[in-house]
Amino acid sequence: MIDMIRFVNVRLEEEKPIFNKQRIDFSPPEKINHFAVCNNQLCMSLGKDTLLRIDLAKPDQPNQIELGRKDDSRVHKLFLDPTGSHLVISLSTSECLYLNRNTQKVRSLSRWRGHLIESVGWNKLLGTETNTGPILVGTSQGIIFEAEISASEGSLFNTNPDQYFKQVHSLEEDGKPAPVCCIEVERGPESKVVIIATTRKRLFQFVGRVAEGSEQQGFSSVFSQNQELLPSFQEFPFNMGYSEITFYTSKLRSCPKAFAWMMGNGVLYGQLDYIRPDSVLSDVQVLLLYFSFNKPISIVLTQFHFLLLLPDRVKAICTLNGQVVYEDVFPDKFGTLKKMIKDLAGGLVWIYTEKAVFRYHIQREARDVWQMYMSMNKFDLAKEYCRDRPECMDMVLAKEAEHCFQNKRYLESAKCYALTQNYFEEIALKFIEAKQDEALKEFLLKKLNNLKQSEKTQITLLVTWLTELYLNHLGLLESDEGKHGVFQETRDEFRKFLSSSKHKECLYNNRTTIYDLLASHGNVDDMVYFSVIMQDYERVISHHCQHDDYSAALEVLSKHCDEKLFYKFSPILMQHIPKKVVDAWIQMGSRLEPKKLIPALVNYSQMGSTQQVNETIRYMEFCVYQLTVTEEAIHNYLLSLYAKYKPDSLLWYLEQAGTHASYIHYDLKYTLRLCAEHGYLQACVLVYKIMELYEEAVDLALQVDVDLAKSCADLPEDDEELRKKLWLKIARHVVQEEKDVKKAMNCLSSCNLLKIEDILPFFPDFVTIDHFKEAICSSLQEYNQHIDELKQEMEEATESAKRIREDIQEMRNKYGVVENQEKCAACDFPLLNRPFYLFLCGHMFHYDCLFLEVTPHLSTYKQTKLGELQKKLAAATQTSKSRHRPAPKEKEEGGDTASLGKENAGVSREQIKSDIDDIIAFECVYCGELMIKSIDKPFIDPQKLEEEKSSWL
């Protein structure tokens, strides 16, 4: 079985805690009264009359401002807007001050005087650095005002920062005004405005719509839409004299997704759904918390926890199960904890005492959430929060799979188990023991799909096992007639599995095993289907042939067009369905080699073979006439079929094949023997003619027809002697065999080579002269005419010779005049200073100049001959010079010999010069054929072209 590797959940290094506390390196000069932070802007009230502002991007540049209050007033609360630009300072004397981020001047909000401000609902949509837009303000008397603050100096008549301050609503508890502890303004989709306000033990919701483009008109319309009915609220009987609500926002400037309201002895926690028509609070639950002495001061909500601030510690409680997951106790030296605030911009949580400031970094808060969801059986959420941690994902999947298995949801369990790294054998045995074959199959399929291509052994085992499971299931379903639909679906699923491209390589490599499994179950149809997928068409065709389904076999052959299979199975198919087979061959066309199909063509049975013969001839004719096959074996086989079954087609084939040996593609000797065996004399004559055996052709043709023999006798056009001989054979046959004198005379007229005297010996002695009178007279007239033609030719030859002699005599007396200023046409130097040639065209050349001009244009043979003549001339010249030197006296016999050699040398030298003249002075080099033949030669030798180019540089 397959041994799967399991993850080991071991942390290589200790992870940092989710809530990481850090004390700010800051020692306040006075005690800290109040604290506000937003958008990395930190403001705190020090002592009685000092305000300290710190930009956390520049912490080393704090800004300290004196409020300038001389009376007993003290800071009641600080309110900082989401942009960190607008600071509202509520004083215990029911006065309010305003300070903008970009100024040092504290300004009084005169319209706000007389109200102790407990909460401010900022306008997140319209608020800017210079203007707050319409905002809501809650007082200690339960009154909600709408106001707007501008940082500009205003006009001449209005220098106050507060633009307006008007009452829009009031809140009560038990019929009495209750302080507005918190107020929040949010905008939902479709111009929906949601206002949430809390008192000590009540939570109010105001939901309304604001028309497009009317946001500047404020929120009075939202409250007016709820005047007739009491606003919806949540109320709890216990209270601490104050309450606080906090929201969780995943992204800056987005709508909150969850809320937590700290009141009495518990926390109300839930989600915010802006789509709901009535209350935006959804999935509300109450977490009861029992506090003996220390009551919570503040609450901050994160994604999965809310932090409660107690006078001496901080507790983190998971919103999923209500368990305390973190508790941090502060030392007494820092004093009592006073407030906890979350800055949405940086996600930091700030806590301060009178002496110190702390902040919490929240890191990877969702790291252990998957465990809680898993324990709650919320597996989808658990997997969502451990997607990047495979060891945790494996634990969740294993728990989900076990949960589904226990609840008998076996298919779902199998899908989950397939994704885990648990031991493969254990899981498979669980499903086998539970007799859940479908779940086991699903598990194996999923496991197979998750394997890598390199895990060939595992893939092979799973594929084989799945095949066995499918076949078992198909066998059970096939025997149950009531489950035909399920059987068909399972078969389709099995075939889809077999045709999977992902596992094609594995199936192909182990196809023998799959065939054995299919055969052991008697599943013939699926075996054929699998063979087609594996392109094992030979097995499919063999199967069809074994079951005498030859048409199906041929259909597979024709569909997949495998030439080798055609060659292998055509013999048996030709015996049973010859016409269809030949149609398939013709359809394949030139992709098949006809020579390789000859075994199939000759392997037909003798019983009822007429159809096979006709189809064989049809395919052979297709090969010869359509495909123009030149294979000699094909043509010979077709001729053998013609000779045996269609003799009329034999002669037609031989005639259209041509009479030239280079144009025919059959064996002449085989064809001659074939025709002779079957007694086709006319065909034999045709073959003899192609073989140029004209005597044999005439002899055989005389047995058939004299006219056929005459056509054969005229074929050797270049050999008159042979033609005459052949015609004499015909004449002898006519005279001796047919004894037809008239027909013999016709032979004389058909061939101009025969004379009457040639055929006279063939006639018997009793034939009278009357039969040849006309032929003899005609022959004599031809002789006379021929003699006259010879006389005329002799006279013409004599006259021509006479004219030639006259021309030669005239040429001997012809001369030319050369002036002393004439120059050589080649070198342009005076002509008379060296031996020269004068041509009839008027051109004159020095001997050596003409030699140089003519030599490059001569053929190789003439150049060689000219070189030899020059050597001979030099030798002869040297011999002539030596004769003029004095020599010792010789004997008389020697003197005669020397004189004879002298005469021969002189003749030889003149003959050599004449031969040289015949070569170089045969014609003028400028006017003769040499100049015409050299027209395509370049003026500069290509081998010397580069040298010539460089000489011009």
# chains A, B, ... in the order shown; residues from 1 in each chain; ligands from 1

call {"tool": "residues_around", "arguments": {"residues": "range 296-306 of chain A", "least_positions_apart": "3", "cutoff": "6 Å", "atoms": "only C-alpha atoms", "output": "MDAnalysis selection string"}}
result
chainID A and resid 246:248 309:310 316:319 340

call {"tool": "select_by_dssp", "arguments": {"residues": "range 554-622 of chain A", "states": "helix (DSSP H, G or I)", "output": "count of residues only"}}
result
57

call {"tool": "residues_around", "arguments": {"residues": "range 70-79 of chain A", "least_positions_apart": "5", "cutoff": "8 Å", "atoms": "only C-alpha atoms", "output": "PyMOL selection string"}}
result
chain A and resi 33-36+44-45+48-49+87-93+117-120

call {"tool": "write_last_selection", "arguments": {"atoms": "N, CA and C atoms", "output": "compact mmCIF listing (two decimals), in the first residue's frame"}}
result
# COMPACT_ATOMS: atom_id res chain seq x y z
N ASN A 33 -3.75 63.85 32.07
CA ASN A 33 -5.17 63.83 32.44
C ASN A 33 -6.01 63.09 31.41
N HIS A 34 -5.82 63.50 30.16
CA HIS A 34 -6.63 62.89 29.08
C HIS A 34 -5.72 62.65 27.87
N PHE A 35 -6.23 61.77 27.01
CA PHE A 35 -5.38 61.29 25.91
C PHE A 35 -6.26 61.00 24.69
N ALA A 36 -5.79 61.35 23.50
CA ALA A 36 -6.52 61.06 22.25
C ALA A 36 -5.50 60.78 21.16
N MET A 44 -2.48 64.99 24.19
CA MET A 44 -2.70 64.66 25.60
C MET A 44 -2.76 65.96 26.41
N SER A 45 -3.57 65.89 27.43
CA SER A 45 -3.72 67.01 28.36
C SER A 45 -2.83 66.76 29.56
N LYS A 48 -2.91 71.16 34.46
CA LYS A 48 -4.15 71.92 34.44
C LYS A 48 -4.36 72.66 33.14
N ASP A 49 -3.26 73.12 32.53
CA ASP A 49 -3.45 74.10 31.45
C ASP A 49 -2.54 73.82 30.25
N LEU A 87 -9.30 68.91 16.82
CA LEU A 87 -9.31 68.51 18.23
C LEU A 87 -10.33 69.37 18.98
N VAL A 88 -11.27 68.69 19.62
CA VAL A 88 -12.28 69.38 20.45
C VAL A 88 -11.95 69.04 21.90
N ILE A 89 -11.82 70.12 22.71
CA ILE A 89 -11.47 69.98 24.12
C ILE A 89 -12.68 70.35 24.95
N SER A 90 -13.25 69.36 25.66
CA SER A 90 -14.42 69.61 26.51
C SER A 90 -13.92 69.92 27.92
N LEU A 91 -14.35 71.06 28.47
CA LEU A 91 -13.93 71.50 29.80
C LEU A 91 -15.03 71.19 30.81
N SER A 92 -14.60 71.03 32.05
CA SER A 92 -15.56 70.68 33.11
C SER A 92 -16.53 71.82 33.40
N THR A 93 -16.22 73.04 32.92
CA THR A 93 -17.08 74.20 33.14
C THR A 93 -18.09 74.36 32.02
N ILE A 117 -19.85 68.26 27.06
CA ILE A 117 -19.80 67.34 25.92
C ILE A 117 -19.26 66.00 26.38
N GLU A 118 -20.03 64.94 26.08
CA GLU A 118 -19.65 63.59 26.44
C GLU A 118 -19.16 62.76 25.24
N SER A 119 -19.63 63.08 24.03
CA SER A 119 -19.25 62.28 22.86
C SER A 119 -19.40 63.13 21.59
N VAL A 120 -18.64 62.73 20.56
CA VAL A 120 -18.70 63.40 19.26
C VAL A 120 -18.76 62.31 18.17

call {"tool": "select_by_dssp", "arguments": {"residues": "range 15-84 of chain A", "states": "strand (DSSP E)", "output": "PyMOL selection string"}}
result
chain A and resi 19-23+32-38+41-46+50-55+63-66+75-80

call {"tool": "write_last_selection", "arguments": {"atoms": "N, CA, C and O atoms", "output": "short mmCIF file (atom, residue, chain, number, x, y, z; two decimals), in the first residue's frame"}}
result
data_model
loop_
_atom_site.label_atom_id
_atom_site.label_comp_id
_atom_site.auth_asym_id
_atom_site.auth_seq_id
_atom_site.Cartn_x
_atom_site.Cartn_y
_atom_site.Cartn_z
N PHE A 19 -0.48 39.90 21.20
CA PHE A 19 -0.52 41.25 21.78
C PHE A 19 0.86 41.54 22.38
O PHE A 19 1.23 40.97 23.42
N ASN A 20 1.56 42.40 21.73
CA ASN A 20 2.93 42.72 22.15
C ASN A 20 2.96 44.14 22.71
O ASN A 20 2.79 45.11 21.98
N LYS A 21 3.18 44.25 24.03
CA LYS A 21 3.15 45.56 24.72
C LYS A 21 4.51 46.24 24.61
O LYS A 21 5.55 45.59 24.69
N GLN A 22 4.46 47.56 24.48
CA GLN A 22 5.68 48.36 24.42
C GLN A 22 5.43 49.69 25.13
O GLN A 22 4.45 50.38 24.84
N ARG A 23 6.33 50.03 26.04
CA ARG A 23 6.19 51.32 26.74
C ARG A 23 6.89 52.39 25.92
O ARG A 23 8.00 52.21 25.43
N ILE A 32 -0.64 63.06 33.25
CA ILE A 32 -1.50 63.01 32.07
C ILE A 32 -2.94 62.89 32.55
O ILE A 32 -3.30 61.96 33.29
N ASN A 33 -3.75 63.85 32.07
CA ASN A 33 -5.17 63.83 32.44
C ASN A 33 -6.01 63.09 31.41
O ASN A 33 -6.84 62.25 31.77
N HIS A 34 -5.82 63.50 30.16
CA HIS A 34 -6.63 62.89 29.08
C HIS A 34 -5.72 62.65 27.87
O HIS A 34 -4.65 63.27 27.73
N PHE A 35 -6.23 61.77 27.01
CA PHE A 35 -5.38 61.29 25.91
C PHE A 35 -6.26 61.00 24.69
O PHE A 35 -7.37 60.46 24.82
N ALA A 36 -5.79 61.35 23.50
CA ALA A 36 -6.52 61.06 22.25
C ALA A 36 -5.50 60.78 21.16
O ALA A 36 -4.45 61.44 21.09
N VAL A 37 -5.79 59.83 20.29
CA VAL A 37 -4.90 59.52 19.18
C VAL A 37 -5.74 59.08 17.98
O VAL A 37 -6.71 58.35 18.12
N CYS A 38 -5.33 59.56 16.84
CA CYS A 38 -6.01 59.18 15.60
C CYS A 38 -5.14 59.58 14.42
O CYS A 38 -4.55 60.68 14.40
N GLN A 41 -1.74 60.95 14.94
CA GLN A 41 -1.65 62.24 15.65
C GLN A 41 -2.06 61.99 17.10
O GLN A 41 -3.16 61.52 17.36
N LEU A 42 -1.13 62.31 18.02
CA LEU A 42 -1.36 62.04 19.43
C LEU A 42 -1.50 63.36 20.19
O LEU A 42 -0.67 64.27 20.03
N CYS A 43 -2.56 63.46 20.99
CA CYS A 43 -2.80 64.67 21.80
C CYS A 43 -3.05 64.23 23.25
O CYS A 43 -3.75 63.25 23.49
N MET A 44 -2.48 64.99 24.19
CA MET A 44 -2.70 64.66 25.60
C MET A 44 -2.76 65.96 26.41
O MET A 44 -2.10 66.95 26.09
N SER A 45 -3.57 65.89 27.43
CA SER A 45 -3.72 67.01 28.36
C SER A 45 -2.83 66.76 29.56
O SER A 45 -2.91 65.70 30.21
N LEU A 46 -1.94 67.74 29.85
CA LEU A 46 -0.99 67.61 30.95
C LEU A 46 -1.33 68.66 32.02
O LEU A 46 -1.50 69.84 31.71
N THR A 50 -2.04 72.58 30.09
CA THR A 50 -1.07 72.32 29.01
C THR A 50 -1.62 71.23 28.08
O THR A 50 -2.19 70.23 28.54
N LEU A 51 -1.41 71.45 26.81
CA LEU A 51 -1.80 70.47 25.78
C LEU A 51 -0.55 70.11 24.98
O LEU A 51 0.16 70.99 24.49
N LEU A 52 -0.28 68.81 24.86
CA LEU A 52 0.90 68.34 24.13
C LEU A 52 0.43 67.57 22.89
O LEU A 52 -0.37 66.64 22.99
N ARG A 53 0.97 68.01 21.73
CA ARG A 53 0.66 67.32 20.47
C ARG A 53 1.93 66.69 19.90
O ARG A 53 2.98 67.35 19.85
N ILE A 54 1.81 65.43 19.43
CA ILE A 54 2.96 64.72 18.85
C ILE A 54 2.52 64.07 17.54
O ILE A 54 1.53 63.31 17.50
N ASP A 55 3.25 64.37 16.51
CA ASP A 55 3.06 63.67 15.23
C ASP A 55 3.95 62.42 15.27
O ASP A 55 5.18 62.51 15.33
N ASN A 63 4.84 69.27 20.18
CA ASN A 63 4.32 70.64 20.15
C ASN A 63 3.49 70.85 21.42
O ASN A 63 2.51 70.15 21.65
N GLN A 64 3.91 71.84 22.25
CA GLN A 64 3.24 72.09 23.53
C GLN A 64 2.51 73.42 23.46
O GLN A 64 3.07 74.44 23.02
N ILE A 65 1.24 73.41 23.86
CA ILE A 65 0.39 74.60 23.78
C ILE A 65 -0.26 74.83 25.15
O ILE A 65 -0.75 73.87 25.78
N GLU A 66 -0.26 76.09 25.55
CA GLU A 66 -0.94 76.47 26.80
C GLU A 66 -2.38 76.85 26.48
O GLU A 66 -2.64 77.63 25.56
N VAL A 75 -9.77 69.92 32.02
CA VAL A 75 -10.18 69.21 30.79
C VAL A 75 -11.05 68.02 31.19
O VAL A 75 -10.65 67.19 32.00
N HIS A 76 -12.23 67.97 30.58
CA HIS A 76 -13.14 66.87 30.85
C HIS A 76 -12.88 65.70 29.89
O HIS A 76 -12.75 64.55 30.32
N LYS A 77 -12.79 65.98 28.57
CA LYS A 77 -12.52 64.95 27.55
C LYS A 77 -11.86 65.59 26.34
O LYS A 77 -12.03 66.78 26.08
N LEU A 78 -11.11 64.77 25.60
CA LEU A 78 -10.54 65.19 24.31
C LEU A 78 -11.18 64.38 23.20
O LEU A 78 -11.34 63.16 23.31
N PHE A 79 -11.52 65.06 22.08
CA PHE A 79 -12.11 64.38 20.93
C PHE A 79 -11.29 64.74 19.68
O PHE A 79 -11.18 65.92 19.32
N LEU A 80 -10.73 63.72 19.01
CA LEU A 80 -9.90 63.91 17.82
C LEU A 80 -10.57 63.22 16.64
O LEU A 80 -10.94 62.04 16.75
#

call {"tool": "closest_residue", "arguments": {"among": "A:Met372, A:Leu668, A:Leu831, A:Cys506", "to": "Glu455 in chain A", "atoms": "only C-alpha atoms"}}
result
A:Cys506

call {"tool": "atom_distance", "arguments": {"atom1": "CA of Phe851 in chain A", "atom2": "CA of Lys814 in chain A"}}
result
24.4 Å

call {"tool": "residues_around", "arguments": {"residues": "Glu615 in chain A", "least_positions_apart": "5", "cutoff": "8 Å", "atoms": "only C-alpha atoms", "output": "list of chain:residue names"}}
result
A:Pro578, A:Lys579, A:Val582

call {"tool": "write_last_selection", "arguments": {"atoms": "N, CA and C atoms", "output": "compact mmCIF listing (two decimals), in the first residue's frame"}}
result
# COMPACT_ATOMS: atom_id res chain seq x y z
N PRO A 578 -15.11 -8.31 -49.67
CA PRO A 578 -14.13 -7.76 -50.62
C PRO A 578 -14.49 -6.37 -51.14
N LYS A 579 -15.75 -6.14 -51.43
CA LYS A 579 -16.12 -4.83 -51.99
C LYS A 579 -15.85 -3.70 -51.00
N VAL A 582 -12.07 -3.12 -50.67
CA VAL A 582 -11.51 -2.37 -51.80
C VAL A 582 -11.94 -0.91 -51.75

call {"tool": "closest_atom_pairs", "arguments": {"of": "range 770-850 of chain A", "to": "range 906-919 of chain A", "cutoff": "12 Å", "atoms": "only C-alpha atoms", "output": "CSV"}}
result
residue,atom,partner,partner_atom,distance
A:Phe836,CA,A:Asp917,CA,11.3
A:Tyr837,CA,A:Asp917,CA,9.5
A:Leu838,CA,A:Asp917,CA,12.0
A:Tyr847,CA,A:Asp917,CA,9.6
A:Asp848,CA,A:Asp917,CA,11.9
A:Leu850,CA,A:Asp917,CA,10.5

call {"tool": "residues_around", "arguments": {"residues": "range 25-28 of chain A", "least_positions_apart": "3", "cutoff": "9 Å", "atoms": "only C-alpha atoms", "output": "list in words"}}
result
Lys31, Ile32, Leu46, Glu354, Lys355, Ala356 and Val357 of chain A

call {"tool": "residues_around", "arguments": {"residues": "range 502-504 of chain A", "least_positions_apart": "2", "cutoff": "10 Å", "atoms": "only C-alpha atoms", "output": "PyMOL selection string"}}
result
chain A and resi 448-449+453+456+459-460+463+497-500+506-511+533-534

call {"tool": "write_last_selection", "arguments": {"atoms": "all heavy atoms", "output": "short mmCIF file (atom, residue, chain, number, x, y, z; two decimals), in the first residue's frame"}}
result
data_model
loop_
_atom_site.label_atom_id
_atom_site.label_comp_id
_atom_site.auth_asym_id
_atom_site.auth_seq_id
_atom_site.Cartn_x
_atom_site.Cartn_y
_atom_site.Cartn_z
N LEU A 448 -5.66 10.12 -6.05
CA LEU A 448 -4.97 9.98 -7.33
C LEU A 448 -4.76 11.33 -7.99
O LEU A 448 -3.69 11.62 -8.53
CB LEU A 448 -5.77 9.05 -8.25
CG LEU A 448 -5.22 8.82 -9.66
CD1 LEU A 448 -3.86 8.16 -9.59
CD2 LEU A 448 -6.19 7.99 -10.47
N ASN A 449 -5.76 12.17 -7.95
CA ASN A 449 -5.65 13.49 -8.57
C ASN A 449 -4.65 14.38 -7.85
O ASN A 449 -4.11 15.32 -8.45
CB ASN A 449 -7.02 14.18 -8.60
CG ASN A 449 -7.97 13.52 -9.57
OD1 ASN A 449 -7.53 12.95 -10.57
ND2 ASN A 449 -9.26 13.56 -9.29
N GLN A 453 3.09 13.72 -10.93
CA GLN A 453 3.39 12.82 -12.04
C GLN A 453 4.63 11.97 -11.77
O GLN A 453 4.78 10.89 -12.34
CB GLN A 453 3.59 13.63 -13.33
CG GLN A 453 2.32 14.28 -13.86
CD GLN A 453 1.27 13.26 -14.29
OE1 GLN A 453 1.61 12.19 -14.75
NE2 GLN A 453 0.01 13.61 -14.11
N LYS A 456 5.13 7.59 -9.80
CA LYS A 456 4.59 6.63 -10.76
C LYS A 456 4.08 5.36 -10.08
O LYS A 456 3.05 4.80 -10.48
CB LYS A 456 5.67 6.28 -11.79
CG LYS A 456 6.09 7.46 -12.64
CD LYS A 456 7.14 7.06 -13.67
CE LYS A 456 7.64 8.27 -14.43
NZ LYS A 456 6.87 8.67 -15.53
N ILE A 459 0.71 6.04 -8.42
CA ILE A 459 -0.32 6.23 -9.45
C ILE A 459 -0.73 4.89 -10.04
O ILE A 459 -1.92 4.60 -10.23
CB ILE A 459 0.20 7.18 -10.55
CG1 ILE A 459 0.37 8.60 -9.99
CG2 ILE A 459 -0.74 7.20 -11.74
CD1 ILE A 459 0.99 9.57 -10.96
N THR A 460 0.25 4.02 -10.28
CA THR A 460 -0.06 2.71 -10.86
C THR A 460 -0.94 1.89 -9.94
O THR A 460 -1.94 1.27 -10.36
CB THR A 460 1.26 1.96 -11.14
OG1 THR A 460 2.05 2.73 -12.03
CG2 THR A 460 0.98 0.61 -11.75
N VAL A 463 -4.53 3.47 -9.82
CA VAL A 463 -5.27 3.25 -11.07
C VAL A 463 -5.76 1.81 -11.15
O VAL A 463 -6.91 1.54 -11.53
CB VAL A 463 -4.37 3.62 -12.27
CG1 VAL A 463 -4.97 3.11 -13.57
CG2 VAL A 463 -4.19 5.13 -12.36
N PHE A 497 -12.88 7.87 -16.64
CA PHE A 497 -11.66 7.59 -15.89
C PHE A 497 -10.59 6.97 -16.79
O PHE A 497 -9.42 7.33 -16.73
CB PHE A 497 -12.00 6.66 -14.72
CG PHE A 497 -10.81 6.06 -14.03
CD1 PHE A 497 -10.02 6.81 -13.19
CD2 PHE A 497 -10.46 4.72 -14.25
CE1 PHE A 497 -8.91 6.26 -12.56
CE2 PHE A 497 -9.36 4.17 -13.62
CZ PHE A 497 -8.58 4.94 -12.78
N LEU A 498 -11.00 6.04 -17.64
CA LEU A 498 -10.05 5.39 -18.53
C LEU A 498 -9.48 6.35 -19.57
O LEU A 498 -8.35 6.19 -20.02
CB LEU A 498 -10.72 4.20 -19.25
CG LEU A 498 -11.10 3.01 -18.38
CD1 LEU A 498 -11.81 1.96 -19.22
CD2 LEU A 498 -9.88 2.39 -17.70
N SER A 499 -10.27 7.34 -19.95
CA SER A 499 -9.82 8.29 -20.98
C SER A 499 -9.19 9.54 -20.40
O SER A 499 -8.96 10.52 -21.13
CB SER A 499 -11.01 8.69 -21.87
OG SER A 499 -12.03 9.30 -21.09
N SER A 500 -8.92 9.54 -19.10
CA SER A 500 -8.32 10.71 -18.46
C SER A 500 -6.94 10.99 -19.05
O SER A 500 -6.08 10.11 -19.09
CB SER A 500 -8.22 10.49 -16.95
OG SER A 500 -7.47 11.54 -16.35
N CYS A 506 0.20 6.35 -17.39
CA CYS A 506 0.13 5.20 -16.48
C CYS A 506 -0.72 4.08 -17.09
O CYS A 506 -0.35 2.91 -17.07
CB CYS A 506 -0.43 5.64 -15.13
SG CYS A 506 -0.72 4.26 -13.99
N LEU A 507 -1.88 4.44 -17.64
CA LEU A 507 -2.75 3.44 -18.24
C LEU A 507 -2.07 2.76 -19.42
O LEU A 507 -2.20 1.55 -19.62
CB LEU A 507 -4.05 4.10 -18.69
CG LEU A 507 -4.98 4.56 -17.56
CD1 LEU A 507 -6.06 5.48 -18.11
CD2 LEU A 507 -5.61 3.36 -16.88
N TYR A 508 -1.33 3.53 -20.18
CA TYR A 508 -0.65 2.96 -21.35
C TYR A 508 0.46 1.99 -20.92
O TYR A 508 0.60 0.90 -21.48
CB TYR A 508 -0.08 4.08 -22.22
CG TYR A 508 0.60 3.58 -23.47
CD1 TYR A 508 -0.15 3.23 -24.59
CD2 TYR A 508 1.98 3.44 -23.53
CE1 TYR A 508 0.45 2.75 -25.75
CE2 TYR A 508 2.60 2.96 -24.68
CZ TYR A 508 1.83 2.63 -25.79
OH TYR A 508 2.44 2.16 -26.92
N ASN A 509 1.23 2.38 -19.93
CA ASN A 509 2.33 1.53 -19.47
C ASN A 509 1.83 0.25 -18.81
O ASN A 509 2.56 -0.76 -18.80
CB ASN A 509 3.23 2.30 -18.50
CG ASN A 509 3.95 3.45 -19.18
OD1 ASN A 509 4.20 3.43 -20.38
ND2 ASN A 509 4.29 4.47 -18.41
N ASN A 510 0.63 0.30 -18.28
CA ASN A 510 0.08 -0.87 -17.59
C ASN A 510 -1.15 -1.42 -18.30
O ASN A 510 -2.05 -2.00 -17.66
CB ASN A 510 -0.27 -0.50 -16.14
CG ASN A 510 0.93 -0.02 -15.34
OD1 ASN A 510 1.70 -0.81 -14.83
ND2 ASN A 510 1.08 1.29 -15.25
N ARG A 511 -1.22 -1.21 -19.59
CA ARG A 511 -2.42 -1.61 -20.33
C ARG A 511 -2.63 -3.13 -20.31
O ARG A 511 -3.78 -3.60 -20.35
CB ARG A 511 -2.36 -1.09 -21.77
CG ARG A 511 -1.19 -1.57 -22.60
CD ARG A 511 -1.16 -0.81 -23.93
NE ARG A 511 -0.09 -1.29 -24.80
CZ ARG A 511 1.17 -0.93 -24.72
NH1 ARG A 511 1.55 -0.07 -23.77
NH2 ARG A 511 2.06 -1.40 -25.57
N ILE A 533 -8.96 3.87 -26.82
CA ILE A 533 -8.32 4.99 -26.12
C ILE A 533 -6.80 4.84 -26.17
O ILE A 533 -6.06 5.80 -26.39
CB ILE A 533 -8.80 5.06 -24.66
CG1 ILE A 533 -10.28 5.46 -24.63
CG2 ILE A 533 -7.97 6.05 -23.86
CD1 ILE A 533 -10.88 5.38 -23.26
N MET A 534 -6.34 3.60 -25.95
CA MET A 534 -4.91 3.33 -25.96
C MET A 534 -4.35 3.27 -27.39
O MET A 534 -3.16 3.01 -27.58
CB MET A 534 -4.60 2.02 -25.25
CG MET A 534 -4.89 2.03 -23.77
SD MET A 534 -3.79 3.13 -22.82
CE MET A 534 -4.87 4.54 -22.56
#

call {"tool": "residues_around", "arguments": {"residues": "range 168-174 of chain A", "least_positions_apart": "2", "cutoff": "8 Å", "atoms": "only C-alpha atoms", "output": "list of chain:residue names"}}
result
A:Gly142, A:Ile143, A:Ile144, A:Phe145, A:Glu146, A:Lys166, A:Lys176, A:Pro177, A:Ala178, A:Pro179, A:Val180, A:Thr199, A:Lys201, A:Arg202, A:Phe219, A:Ser220, A:Phe223

call {"tool": "atom_distance", "arguments": {"atom1": "CA of Gly322 in chain A", "atom2": "CA of Gly188 in chain A"}}
result
29.0 Å

call {"tool": "closest_residue", "arguments": {"among": "A:Tyr164, A:Phe443, A:Tyr515, A:Tyr567", "to": "Phe424 in chain A", "atoms": "only C-alpha atoms"}}
result
A:Phe443

call {"tool": "atom_distance", "arguments": {"atom1": "CA of Asn833 in chain A", "atom2": "CA of Val817 in chain A"}}
result
15.8 Å
